[in-house]
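Visitor: Have a look at the structure that comes next, please.
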Amino acid sequence: MGEVLIKNGVVYDPLNGVKGEKKDICIRDGKVVADVKNPKVIDAEGRVVMPGGVDIHSHIAGGKVNSGRLFRPEDGRKGVEAKTKVCRMQSGYSVPNTFATGYRYARMGYTFVMEAAMPPLAARHTHEELVDIPILDNAALPLLDNNWMTMEYVNSGDMDLLAAYMAWMIKATKGFGVKIVNPGGTEMWGWGKNCSLNDTVPTFDVTPAEIMKGLAEANEKFDMPHSIHVHTNMLGHPGNFEITKETYDLVKDIKPAKDRQVMHTTHTQFHSYGGTNWGDFESKADVIADYINQNDHATIDIGSIILGDTTTMTADGPMEYSLYQLTGRKWTNHDVELETGSGITPFLYSGKSPVNTIQWAIGQELALLVKDPWKLALTTDHPNAGPFIGYPIIISMLMSKKRRDESAEDMHKVIYDRAIYPSIDREYSLYEIAIITRGMAAKALGLHEHGKGHLGVGADGDVAIYDMSPEETDAGKIQKAFLNTKYTIKGGQIVVKDGEVVATPAGKTYFVTPECDDKLTDEMVVKLKDKFDRYYSVTYNNYAVQDAYVPNPYEIKAPWRS
Amino acid sequence: MQTIKLKLKSEVTSGVAKIPVEVDSLTPDKLFGKTEAEIKAVRVWWGNREENTGDLFDVSVDGTASSADDVKLVLDGDLSRVKRIGDGMKAGEIEANGDVDMHCGAMMNGGKITVTGNADCWAGREMHGGELIIDGDAAANLCAMYRGEMTGMTGGKVTVGGNADECVGQYMGGGEIVIKGNARMLAGLNMHGGKIVIEGDAVMPGADMTSGEITVKGTVQDMMPSFKLEGTESIDGAEYKKYSGDLAMTAKKAKGTLYVK
């Protein structure tokens with residue numbers, strides 16, 4: 001591979017403290033270097049230059065994404081683009097096909113996306129789709145919280161064996177970390193019920209709080225790059241903000257293995273609800289933001305709403321069923337043996353609905369009320385709160401009070417009574433946008449140590465050049481610039497030019513290998529094999545994902561901390 | 001008045017596979033103002049290849065038109081593999097002589113289409129306006145929605161001279177459908193507006209309907225048990241039982257009306 005020099009760009013590289021400086025970026029053999037000799041020169045002509053975007057939480061591959069595509073042919077009608085010499089056929093809006101997923105993210109300047117929920121049993125399917133997504137580097141978080149093994153170890157208090165199980169599962173699925181979705185709730189859903197933080201799951205005699213604490217402790221027994229990644233209980237229920245706060249408190253005293261959070265809570269918008277029912281529903285974004293401001297052990301991503309039709313999908317089966325009962329639209333549900341489950345239903349977020357209006361406000365309120373942008377990442381929990389293609393809308397909102405005021409006028413008037421939104425004056429700077437779309441996400445995932453989310457020497461040559469001046473204040477122009485880059489460079493190769501995809505190299509898959517003591521693993525495997533023999537539809541020997549499913553691997557070793 | 005005659009060349013459909021031709025680019029409003037040479041150069045899909053209209057059809061143009069309303073398109077030849085006739089059409093008239101393939105009159109907004117033979121599935125799909133007349137039979141999903149959508153036909157009028165297959169007017173929100181013959185299972189499934197008249201027999205009409213009106217002049221087989229008899233009413237001098245439903249959609253939503261002789 002050759003050399004690239006990006007000249008005359010105004011660089012925002014938060015992990016290296018570069019706040020909009022005119023600075024050259026040199027790339028050789030796919031990595032950022034100090035200087036180059038005979039490069040291909042790209043003149044950025046004063047445009048905004050950032051590291052490639054890093055998405056901390058998105059649903060782009062795997063069983064439920066594919067089920068979403070299958071059961072929403074009407075979504076596949078949208079966004080249809082014929083194949084070109086470079087690109088394959090694209091379709092879909094909230095559940096785009098794999099090709100469109102790669103191209104659209106790359107056009108927004110993103111180069112890394114985390115698939116946020118991989119049912120372990122469906123790991124092969126997930127990896128097959130990740131391979132099919134062009135350009136993007138990726139990773140996937142296996143769901144480990146509703147697993148029978150996890151709950152049994154939490155119940156018996158064998159934390160070392162829990163850690164051994166966690167390590168085995170992450171290795172077996174070629175996963176990246178620990179995903180927790182409505183702990184206990186998906187198991188309860190197997191019995192037609194749901195549960196809250198301190199309820200007992202009768203089948204295993206554990207509480208969701210104990211599950212989360214146990215997994216957080218297990219996670220920190222290794223040098224894991226990422227903390228536990230949590231979708232807390234009672235998602236989308238009025239009054240759930242208390243549960244969210246209590247969930248943060250659970251892990252307050254656990255020491256992280258690395259310089260990072262102990263818990264990342266995702267799509268926090270869905271978990272910052274006040275009121276007792278949909279009638280008196282209100283925003284509690286201020287309470288959650290206050291908590292995050294005062295504590296350093298938890299980070300969030302916002303899960304901001306994009307108005308319009310979307311496809312909701314989560315391992316939180318009972319939540320999807322309640323949503324289906326609200327809308328009466330179609331619904332599908334899946335049980336993943338002794339591991340997890342999932343549900344899918346379409347949903348329309350409307351600015352005319354008071355509830356949707358408050359939800360819409362909460363996502364942005366969180367971003368505006370959390371003072372330190374290093375504590376939050378921009379997401380829409382794609383596609384649950386809206387498709388990722390809406391990120392530029394949120395960016396322009398956060399950067400422009402004027403745009404927010406104009407948008408509020410188009411929403412239900414409840415926004416002036418039951419949301420904090422209209423009273424917030426803060427406007428994000430481009431530096432802060434770079435933090436919440438790159439720096440923070442890379443740091444929270446521990447990927448900054450592996451060349452992601454920054455442009456220091458040795459980093460991956462992933463660069464986004466946006467067609468805007470750093471002085472731009474027009475929200476419409478900001479949105480347009482963030483939707484289609486002037487250039488996206490991935491590993492030193494130009495993949496997007498003038499908003500068009502010009503090359504589609506394959507992305508790498510990052511996975512973590514937690515290194516567990518053999519004796520512990522052997523002891524755990526006796527129990528695990530029994531589970532396979534008795535309950536699984538596959539055998540122990542056929543379970544683990546083979547290397548062939550990850551053709552472009554990037555392994556991160558996570559040693560046991562004694 | 002301008003008449004554009006398009007006769008499908010026999011070699012187009014003489015192959016073993018009978019590769020379909022898609023003619024959504026050949027509507028009176030899209031061809032209005034074009035010369036014969038320009039019409040011959042309009043691109044149409046033949047299987048996975050894009051071809052010139054002149055390569056697949058014998059083209060002749062007669063007379064002039066002052067607007068798209070004045071344009072009449074006559075399609076001849078073996079049309080049984082010609083899809084999307086009048087798809088998205090806004091004005092003018094199409095006369096298709098013979099049996100036509102799927103999606104005839106889909107997304108139609110205005111003008112008139114006459115099919116002298118039978119129409120395959122999805123005729124009048126998501127039609128918004130205009131008139132579609134099928135002299136023969138209509139296959140399944142006449143005037144229905146695209147798979148997964150929640151709205152089918154919203155306006156215009158469709159008349160079928162013969163019988164119609166399953167799911168006539170599924171998710172219909174407006175407009176009018178008249179079936180002179182019989183309709184197979186589930187006419188007006190999920191209907192929420194508009195009007196369907198079936199002059200012959202019907203099977204399970206009106207299932208899951210929440211609004212709109214269905215009249216069956218023949219006999220109803222397997223009447224949905226979730227309809228409530230409201231009384232009798234006289235239509236054009238004949239006595240009809242009037243039902244409301246479908247109560248399977250909850251009593252609050254069951255605003256549909258079904259008339260059965």
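Labels used: A, B, ... for chains in the order of the structure tokens, numbers from 1 for residues in each chain, and numbers from 1 for ligands as shown.
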With a distance cut-off of 9 Å and only C-alpha atoms, select the neighbouring residues of Thr203 in chain A, excluding the residue or stretch itself and same-chain residues fewer than 3 positions from it, and output the selection as a ChimeraX atom specification.
Guide: /A:187-188,200,206
Visitor: If the cut-off is 7 Å, can you tell me the residues of chain A near chain B, counting only C-alpha atoms? I'd like them as an MDAnalysis selection string.
Guide: chainID A and resid 72:74
Visitor: Could you tell me which of A:His57, A:Lys193, A:Arg418, A:His267 comes closest to Asn138 in chain A if we count only C-alpha atoms?
Guide: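 With only C-alpha atoms as the atom set, the closest residue is A:His57.
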Visitor: Would you give me, as a list in words, the residues in range 260-302 of chain A that DSSP reads as strand (DSSP E or B)?
Guide: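 Residues meeting the strand (DSSP E or B) criterion: Met263, His264, Thr265, Tyr273, Gly274, Glu282, Ser283, Ala298, Thr299, Ile300 and Asp301 of chain A.
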Visitor: Please identify the alpha helix (DSSP H) residues within range 281-368 of chain A (assignment by DSSP from backbone atoms) and present them as a ChimeraX atom specification.
Guide: /A:285-294,317-327,354-368
Visitor: Could you write out that same residue set with N, CA, C and O atoms as a tab-separated table (two decimals), in the first residue's frame?
Guide:
```tsv
chain	number	residue	atom	x	y	z
A	285	ALA	N	-34.47	13.15	31.95
A	285	ALA	CA	-33.11	13.20	31.43
A	285	ALA	C	-32.20	13.98	32.38
A	285	ALA	O	-31.02	13.68	32.52
A	286	ASP	N	-32.78	14.99	33.04
A	286	ASP	CA	-31.95	15.80	33.95
A	286	ASP	C	-31.42	14.98	35.12
A	286	ASP	O	-30.27	15.12	35.52
A	287	VAL	N	-32.26	14.08	35.65
A	287	VAL	CA	-31.84	13.26	36.79
A	287	VAL	C	-30.72	12.30	36.36
A	287	VAL	O	-29.71	12.16	37.05
A	288	ILE	N	-30.91	11.68	35.22
A	288	ILE	CA	-29.89	10.74	34.72
A	288	ILE	C	-28.59	11.50	34.41
A	288	ILE	O	-27.50	11.07	34.77
A	289	ALA	N	-28.74	12.65	33.75
A	289	ALA	CA	-27.55	13.44	33.40
A	289	ALA	C	-26.81	13.88	34.66
A	289	ALA	O	-25.58	13.84	34.72
A	290	ASP	N	-27.56	14.27	35.69
A	290	ASP	CA	-26.93	14.67	36.96
A	290	ASP	C	-26.11	13.53	37.53
A	290	ASP	O	-25.01	13.72	38.01
A	291	TYR	N	-26.70	12.34	37.48
A	291	TYR	CA	-25.99	11.18	38.02
A	291	TYR	C	-24.68	10.97	37.26
A	291	TYR	O	-23.63	10.78	37.85
A	292	ILE	N	-24.77	11.02	35.94
A	292	ILE	CA	-23.57	10.81	35.12
A	292	ILE	C	-22.55	11.91	35.38
A	292	ILE	O	-21.35	11.67	35.47
A	293	ASN	N	-23.05	13.15	35.57
A	293	ASN	CA	-22.14	14.26	35.85
A	293	ASN	C	-21.40	14.06	37.17
A	293	ASN	O	-20.24	14.46	37.31
A	294	GLN	N	-22.08	13.47	38.15
A	294	GLN	CA	-21.48	13.35	39.48
A	294	GLN	C	-20.67	12.07	39.68
A	294	GLN	O	-20.00	11.93	40.71
A	317	GLY	N	-37.45	-9.48	24.78
A	317	GLY	CA	-38.70	-10.01	24.24
A	317	GLY	C	-39.96	-9.41	24.83
A	317	GLY	O	-40.87	-9.01	24.11
A	318	PRO	N	-40.07	-9.31	26.18
A	318	PRO	CA	-41.30	-8.78	26.77
A	318	PRO	C	-41.56	-7.32	26.37
A	318	PRO	O	-42.71	-6.92	26.19
A	319	MET	N	-40.48	-6.54	26.20
A	319	MET	CA	-40.66	-5.14	25.79
A	319	MET	C	-41.27	-5.07	24.40
A	319	MET	O	-42.20	-4.30	24.15
A	320	GLU	N	-40.78	-5.90	23.49
A	320	GLU	CA	-41.31	-5.89	22.12
A	320	GLU	C	-42.79	-6.29	22.12
A	320	GLU	O	-43.58	-5.77	21.34
A	321	TYR	N	-43.13	-7.22	23.02
A	321	TYR	CA	-44.53	-7.64	23.07
A	321	TYR	C	-45.42	-6.50	23.57
A	321	TYR	O	-46.49	-6.25	23.02
A	322	SER	N	-44.96	-5.75	24.58
A	322	SER	CA	-45.77	-4.61	25.05
A	322	SER	C	-45.92	-3.57	23.95
A	322	SER	O	-46.96	-2.95	23.79
A	323	LEU	N	-44.84	-3.36	23.20
A	323	LEU	CA	-44.89	-2.38	22.12
A	323	LEU	C	-45.89	-2.83	21.05
A	323	LEU	O	-46.69	-2.03	20.55
A	324	TYR	N	-45.86	-4.11	20.77
A	324	TYR	CA	-46.80	-4.67	19.79
A	324	TYR	C	-48.24	-4.50	20.26
A	324	TYR	O	-49.14	-4.19	19.47
A	325	GLN	N	-48.46	-4.64	21.57
A	325	GLN	CA	-49.82	-4.45	22.07
A	325	GLN	C	-50.27	-3.00	21.95
A	325	GLN	O	-51.45	-2.72	21.79
A	326	LEU	N	-49.32	-2.07	22.04
A	326	LEU	CA	-49.66	-0.65	21.86
A	326	LEU	C	-50.05	-0.35	20.42
A	326	LEU	O	-50.97	0.43	20.16
A	327	THR	N	-49.32	-0.92	19.46
A	327	THR	CA	-49.51	-0.51	18.07
A	327	THR	C	-50.45	-1.43	17.30
A	327	THR	O	-51.07	-1.01	16.34
A	354	PRO	N	-47.72	12.93	21.80
A	354	PRO	CA	-47.05	13.51	22.97
A	354	PRO	C	-45.94	12.61	23.51
A	354	PRO	O	-44.87	13.09	23.87
A	355	VAL	N	-46.20	11.30	23.54
A	355	VAL	CA	-45.18	10.38	24.08
A	355	VAL	C	-43.92	10.39	23.20
A	355	VAL	O	-42.80	10.54	23.69
A	356	ASN	N	-44.12	10.26	21.88
A	356	ASN	CA	-42.97	10.26	20.98
A	356	ASN	C	-42.22	11.58	21.05
A	356	ASN	O	-40.99	11.62	20.93
A	357	THR	N	-42.95	12.67	21.24
A	357	THR	CA	-42.32	13.98	21.33
A	357	THR	C	-41.37	14.04	22.52
A	357	THR	O	-40.24	14.51	22.42
A	358	ILE	N	-41.84	13.53	23.66
A	358	ILE	CA	-40.99	13.56	24.86
A	358	ILE	C	-39.80	12.63	24.69
A	358	ILE	O	-38.66	12.98	25.03
A	359	GLN	N	-40.03	11.46	24.10
A	359	GLN	CA	-38.92	10.55	23.83
A	359	GLN	C	-37.87	11.22	22.94
A	359	GLN	O	-36.67	11.13	23.18
A	360	TRP	N	-38.37	11.90	21.93
A	360	TRP	CA	-37.51	12.59	20.96
A	360	TRP	C	-36.65	13.63	21.70
A	360	TRP	O	-35.46	13.78	21.44
A	361	ALA	N	-37.29	14.34	22.62
A	361	ALA	CA	-36.58	15.38	23.36
A	361	ALA	C	-35.52	14.76	24.29
A	361	ALA	O	-34.40	15.27	24.38
A	362	ILE	N	-35.87	13.65	24.93
A	362	ILE	CA	-34.99	13.08	25.96
A	362	ILE	C	-33.61	12.71	25.41
A	362	ILE	O	-32.59	13.01	26.02
A	363	GLY	N	-33.58	12.09	24.24
A	363	GLY	CA	-32.29	11.68	23.67
A	363	GLY	C	-31.35	12.86	23.53
A	363	GLY	O	-30.18	12.81	23.92
A	364	GLN	N	-31.87	13.96	23.00
A	364	GLN	CA	-31.02	15.14	22.81
A	364	GLN	C	-30.74	15.83	24.14
A	364	GLN	O	-29.65	16.37	24.35
A	365	GLU	N	-31.72	15.81	25.04
A	365	GLU	CA	-31.49	16.40	26.37
A	365	GLU	C	-30.31	15.75	27.07
A	365	GLU	O	-29.48	16.42	27.68
A	366	LEU	N	-30.25	14.42	26.98
A	366	LEU	CA	-29.13	13.71	27.62
A	366	LEU	C	-27.80	14.23	27.09
A	366	LEU	O	-26.88	14.52	27.85
A	367	ALA	N	-27.72	14.37	25.76
A	367	ALA	CA	-26.47	14.84	25.17
A	367	ALA	C	-26.15	16.26	25.61
A	367	ALA	O	-24.98	16.63	25.77
A	368	LEU	N	-27.19	17.05	25.82
A	368	LEU	CA	-26.97	18.46	26.14
A	368	LEU	C	-26.75	18.68	27.64
A	368	LEU	O	-26.15	19.67	28.04
```
Visitor: Which residues come within 7 Å of range 113-130 of chain B, counting only C-alpha atoms, excluding same-chain residues fewer than 2 positions away, as an mmCIF file with N, CA, C and O atoms, in the first residue's frame?
Guide:
```
data_model
loop_
_atom_site.group_PDB
_atom_site.id
_atom_site.type_symbol
_atom_site.label_atom_id
_atom_site.label_comp_id
_atom_site.auth_asym_id
_atom_site.auth_seq_id
_atom_site.Cartn_x
_atom_site.Cartn_y
_atom_site.Cartn_z
ATOM 1 N N GLU B 93 -55.044 6.887 -22.078
ATOM 2 C CA GLU B 93 -55.762 5.619 -22.123
ATOM 3 C C GLU B 93 -54.858 4.503 -22.628
ATOM 4 O O GLU B 93 -54.032 4.724 -23.519
ATOM 5 N N ILE B 94 -55.003 3.335 -22.020
ATOM 6 C CA ILE B 94 -54.273 2.165 -22.514
ATOM 7 C C ILE B 94 -55.288 1.071 -22.826
ATOM 8 O O ILE B 94 -56.186 0.807 -22.030
ATOM 9 N N GLU B 95 -55.124 0.467 -23.996
ATOM 10 C CA GLU B 95 -55.962 -0.681 -24.323
ATOM 11 C C GLU B 95 -55.014 -1.859 -24.533
ATOM 12 O O GLU B 95 -54.143 -1.825 -25.384
ATOM 13 N N ALA B 96 -55.149 -2.855 -23.661
ATOM 14 C CA ALA B 96 -54.285 -4.025 -23.776
ATOM 15 C C ALA B 96 -55.130 -5.173 -24.307
ATOM 16 O O ALA B 96 -56.075 -5.615 -23.651
ATOM 17 N N ASN B 97 -54.820 -5.641 -25.496
ATOM 18 C CA ASN B 97 -55.634 -6.665 -26.136
ATOM 19 C C ASN B 97 -55.093 -8.053 -25.844
ATOM 20 O O ASN B 97 -54.105 -8.477 -26.426
ATOM 21 N N GLY B 98 -55.720 -8.718 -24.928
ATOM 22 C CA GLY B 98 -55.293 -10.075 -24.568
ATOM 23 C C GLY B 98 -55.062 -10.190 -23.075
ATOM 24 O O GLY B 98 -55.415 -9.309 -22.289
ATOM 25 N N ASP B 99 -54.451 -11.324 -22.649
ATOM 26 C CA ASP B 99 -54.131 -11.543 -21.239
ATOM 27 C C ASP B 99 -52.850 -10.785 -20.892
ATOM 28 O O ASP B 99 -51.908 -10.779 -21.664
ATOM 29 N N VAL B 100 -52.836 -10.175 -19.691
ATOM 30 C CA VAL B 100 -51.644 -9.417 -19.298
ATOM 31 C C VAL B 100 -51.020 -10.026 -18.046
ATOM 32 O O VAL B 100 -51.686 -10.695 -17.264
ATOM 33 N N ASP B 101 -49.733 -9.730 -17.873
ATOM 34 C CA ASP B 101 -48.995 -10.274 -16.733
ATOM 35 C C ASP B 101 -49.214 -9.378 -15.498
ATOM 36 O O ASP B 101 -50.035 -8.462 -15.513
ATOM 37 N N MET B 102 -48.439 -9.609 -14.468
ATOM 38 C CA MET B 102 -48.674 -8.988 -13.158
ATOM 39 C C MET B 102 -48.532 -7.459 -13.145
ATOM 40 O O MET B 102 -47.916 -6.874 -14.008
ATOM 41 N N HIS B 103 -49.111 -6.875 -12.097
ATOM 42 C CA HIS B 103 -48.957 -5.447 -11.761
ATOM 43 C C HIS B 103 -49.535 -4.498 -12.809
ATOM 44 O O HIS B 103 -49.065 -3.365 -12.937
ATOM 45 N N CYS B 104 -50.548 -4.920 -13.538
ATOM 46 C CA CYS B 104 -51.178 -4.010 -14.505
ATOM 47 C C CYS B 104 -51.921 -2.917 -13.721
ATOM 48 O O CYS B 104 -52.726 -3.215 -12.837
ATOM 49 N N GLY B 105 -51.649 -1.667 -14.017
ATOM 50 C CA GLY B 105 -52.335 -0.554 -13.344
ATOM 51 C C GLY B 105 -51.882 -0.326 -11.911
ATOM 52 O O GLY B 105 -52.531 0.399 -11.156
ATOM 53 N N ALA B 106 -50.751 -0.903 -11.517
ATOM 54 C CA ALA B 106 -50.251 -0.681 -10.154
ATOM 55 C C ALA B 106 -49.879 0.791 -9.974
ATOM 56 O O ALA B 106 -49.413 1.440 -10.906
ATOM 57 N N MET B 107 -50.144 1.335 -8.805
ATOM 58 C CA MET B 107 -49.808 2.720 -8.453
ATOM 59 C C MET B 107 -50.416 3.740 -9.423
ATOM 60 O O MET B 107 -49.968 4.871 -9.517
ATOM 61 N N MET B 108 -51.436 3.341 -10.126
ATOM 62 C CA MET B 108 -52.060 4.207 -11.134
ATOM 63 C C MET B 108 -52.700 5.425 -10.466
ATOM 64 O O MET B 108 -53.304 5.313 -9.403
ATOM 65 N N ASN B 109 -52.558 6.581 -11.097
ATOM 66 C CA ASN B 109 -53.097 7.824 -10.536
ATOM 67 C C ASN B 109 -54.256 8.402 -11.322
ATOM 68 O O ASN B 109 -55.073 9.138 -10.800
ATOM 69 N N GLY B 110 -54.289 8.122 -12.625
ATOM 70 C CA GLY B 110 -55.335 8.702 -13.457
ATOM 71 C C GLY B 110 -55.362 8.033 -14.809
ATOM 72 O O GLY B 110 -54.536 7.166 -15.109
ATOM 73 N N GLY B 111 -56.343 8.411 -15.652
ATOM 74 C CA GLY B 111 -56.476 7.792 -16.968
ATOM 75 C C GLY B 111 -57.266 6.500 -16.882
ATOM 76 O O GLY B 111 -57.925 6.220 -15.877
ATOM 77 N N LEU B 132 -59.645 1.156 -14.087
ATOM 78 C CA LEU B 132 -59.070 -0.071 -14.629
ATOM 79 C C LEU B 132 -60.204 -1.043 -14.919
ATOM 80 O O LEU B 132 -61.006 -1.352 -14.038
ATOM 81 N N ILE B 133 -60.296 -1.465 -16.182
ATOM 82 C CA ILE B 133 -61.353 -2.402 -16.558
ATOM 83 C C ILE B 133 -60.703 -3.686 -17.061
ATOM 84 O O ILE B 133 -59.881 -3.650 -17.983
ATOM 85 N N ILE B 134 -61.051 -4.783 -16.423
ATOM 86 C CA ILE B 134 -60.524 -6.081 -16.848
ATOM 87 C C ILE B 134 -61.713 -6.909 -17.330
ATOM 88 O O ILE B 134 -62.603 -7.248 -16.551
ATOM 89 N N ASP B 135 -61.752 -7.193 -18.619
ATOM 90 C CA ASP B 135 -62.914 -7.910 -19.156
ATOM 91 C C ASP B 135 -62.956 -9.358 -18.696
ATOM 92 O O ASP B 135 -64.015 -9.928 -18.490
ATOM 93 N N GLY B 136 -61.811 -9.958 -18.525
ATOM 94 C CA GLY B 136 -61.751 -11.355 -18.124
ATOM 95 C C GLY B 136 -61.652 -11.495 -16.611
ATOM 96 O O GLY B 136 -62.295 -10.754 -15.860
ATOM 97 N N ASP B 137 -60.827 -12.461 -16.148
ATOM 98 C CA ASP B 137 -60.657 -12.706 -14.721
ATOM 99 C C ASP B 137 -59.445 -11.936 -14.177
ATOM 100 O O ASP B 137 -58.511 -11.643 -14.908
ATOM 101 N N ALA B 138 -59.478 -11.683 -12.872
ATOM 102 C CA ALA B 138 -58.324 -11.078 -12.217
ATOM 103 C C ALA B 138 -57.734 -12.113 -11.263
ATOM 104 O O ALA B 138 -58.469 -12.749 -10.511
ATOM 105 N N ALA B 139 -56.420 -12.267 -11.289
ATOM 106 C CA ALA B 139 -55.758 -13.219 -10.384
ATOM 107 C C ALA B 139 -55.636 -12.598 -8.984
ATOM 108 O O ALA B 139 -56.149 -11.506 -8.728
ATOM 109 N N ALA B 140 -54.955 -13.266 -8.075
ATOM 110 C CA ALA B 140 -54.936 -12.874 -6.661
ATOM 111 C C ALA B 140 -54.374 -11.472 -6.432
ATOM 112 O O ALA B 140 -53.650 -10.923 -7.257
ATOM 113 N N ASN B 141 -54.734 -10.915 -5.294
ATOM 114 C CA ASN B 141 -54.221 -9.635 -4.817
ATOM 115 C C ASN B 141 -54.615 -8.442 -5.687
ATOM 116 O O ASN B 141 -53.888 -7.453 -5.771
ATOM 117 N N LEU B 142 -55.755 -8.547 -6.331
ATOM 118 C CA LEU B 142 -56.263 -7.407 -7.096
ATOM 119 C C LEU B 142 -56.418 -6.208 -6.155
ATOM 120 O O LEU B 142 -57.039 -6.310 -5.096
ATOM 121 N N CYS B 143 -55.831 -5.071 -6.537
ATOM 122 C CA CYS B 143 -55.963 -3.817 -5.772
ATOM 123 C C CYS B 143 -55.468 -3.945 -4.321
ATOM 124 O O CYS B 143 -55.912 -3.200 -3.451
ATOM 125 N N ALA B 144 -54.567 -4.866 -4.059
ATOM 126 C CA ALA B 144 -54.039 -5.031 -2.704
ATOM 127 C C ALA B 144 -52.866 -4.089 -2.472
ATOM 128 O O ALA B 144 -52.543 -3.247 -3.312
ATOM 129 N N MET B 145 -52.259 -4.243 -1.292
ATOM 130 C CA MET B 145 -51.078 -3.448 -0.961
ATOM 131 C C MET B 145 -49.823 -4.191 -1.395
ATOM 132 O O MET B 145 -49.882 -5.378 -1.682
ATOM 133 N N TYR B 146 -48.690 -3.532 -1.426
ATOM 134 C CA TYR B 146 -47.420 -4.230 -1.593
ATOM 135 C C TYR B 146 -47.212 -5.046 -0.326
ATOM 136 O O TYR B 146 -47.641 -4.645 0.752
ATOM 137 N N GLY B 152 -53.585 -0.455 0.784
ATOM 138 C CA GLY B 152 -53.652 -0.920 -0.598
ATOM 139 C C GLY B 152 -54.210 0.176 -1.482
ATOM 140 O O GLY B 152 -53.752 1.307 -1.457
ATOM 141 N N MET B 153 -55.263 -0.143 -2.222
ATOM 142 C CA MET B 153 -55.891 0.835 -3.113
ATOM 143 C C MET B 153 -56.487 1.988 -2.308
ATOM 144 O O MET B 153 -57.083 1.780 -1.255
ATOM 145 N N THR B 154 -56.290 3.206 -2.770
ATOM 146 C CA THR B 154 -56.860 4.357 -2.050
ATOM 147 C C THR B 154 -57.841 5.159 -2.893
ATOM 148 O O THR B 154 -58.539 6.032 -2.373
ATOM 149 N N GLY B 155 -57.899 4.917 -4.205
ATOM 150 C CA GLY B 155 -58.830 5.690 -5.035
ATOM 151 C C GLY B 155 -58.961 5.095 -6.418
ATOM 152 O O GLY B 155 -58.215 4.196 -6.797
ATOM 153 N N GLY B 156 -59.941 5.611 -7.179
ATOM 154 C CA GLY B 156 -60.157 5.114 -8.531
ATOM 155 C C GLY B 156 -61.203 4.016 -8.554
ATOM 156 O O GLY B 156 -61.796 3.674 -7.524
ATOM 157 N N LYS B 157 -61.426 3.470 -9.755
ATOM 158 C CA LYS B 157 -62.453 2.440 -9.899
ATOM 159 C C LYS B 157 -61.928 1.260 -10.705
ATOM 160 O O LYS B 157 -61.263 1.454 -11.729
#
```
Visitor: For Ser283 in chain A, work out the shell of residues within 6 Å, counting only C-alpha atoms and skipping chain neighbours fewer than 3 positions away, then give it as a list in words.
Guide: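 With the cut-off at 6 Å, the set is Tyr273, Gly274 and Ala419 of chain A.
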Visitor: Output all heavy atoms of each residue in that selection to a file, as a PDB file, in the first residue's frame.
Guide:
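Okay, out_16.pdb is ready:
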```pdb
ATOM      1  N   TYR A 273     -37.191   7.751  31.740  1.00  0.00           N
ATOM      2  CA  TYR A 273     -38.593   8.150  31.699  1.00  0.00           C
ATOM      3  C   TYR A 273     -39.162   8.386  33.100  1.00  0.00           C
ATOM      4  O   TYR A 273     -38.972   7.572  34.000  1.00  0.00           O
ATOM      5  CB  TYR A 273     -39.443   7.078  31.013  1.00  0.00           C
ATOM      6  CG  TYR A 273     -39.126   6.843  29.545  1.00  0.00           C
ATOM      7  CD1 TYR A 273     -39.657   5.752  28.873  1.00  0.00           C
ATOM      8  CD2 TYR A 273     -38.309   7.726  28.829  1.00  0.00           C
ATOM      9  CE1 TYR A 273     -39.378   5.531  27.529  1.00  0.00           C
ATOM     10  CE2 TYR A 273     -38.028   7.505  27.490  1.00  0.00           C
ATOM     11  CZ  TYR A 273     -38.560   6.406  26.843  1.00  0.00           C
ATOM     12  OH  TYR A 273     -38.289   6.186  25.529  1.00  0.00           O
ATOM     13  N   GLY A 274     -39.907   9.480  33.237  1.00  0.00           N
ATOM     14  CA  GLY A 274     -40.644   9.747  34.466  1.00  0.00           C
ATOM     15  C   GLY A 274     -42.119   9.447  34.264  1.00  0.00           C
ATOM     16  O   GLY A 274     -42.536   8.928  33.231  1.00  0.00           O
ATOM     17  N   ALA A 419     -40.950  18.494  29.034  1.00  0.00           N
ATOM     18  CA  ALA A 419     -39.572  18.207  28.650  1.00  0.00           C
ATOM     19  C   ALA A 419     -38.721  19.429  29.015  1.00  0.00           C
ATOM     20  O   ALA A 419     -39.240  20.532  29.177  1.00  0.00           O
ATOM     21  CB  ALA A 419     -39.491  17.914  27.167  1.00  0.00           C
TER      22      ALA A 419
END
```
Visitor: Might you pull out every residue within 9 Å of Gly231 in chain B, with only C-alpha atoms counted and same-chain residues fewer than 4 positions away left off, and present them as a list in words?
Guide: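 Final neighbour list, sorted by chain and number: Tyr240, Lys241, Lys242 and Tyr243 of chain B.
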Visitor: What lies within 10 Å of Trp278 in chain A using only C-alpha atoms, ignoring chain neighbours under 2 positions off, as a list in words?
Guide: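 In the requested form, the answer reads His237, Pro238, Gly239, Gly274, Gly275, Thr276, Asp280, Phe281, Glu282, Pro354 and Val355 of chain A.
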Visitor: Using Å and a single decimal, report how far CA of Leu73 in chain B sits from CA of Ser60 in chain B.
Guide: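 Atom-to-atom, CA of Ser60 in chain B and CA of Leu73 in chain B are spaced 10.2 Å apart.
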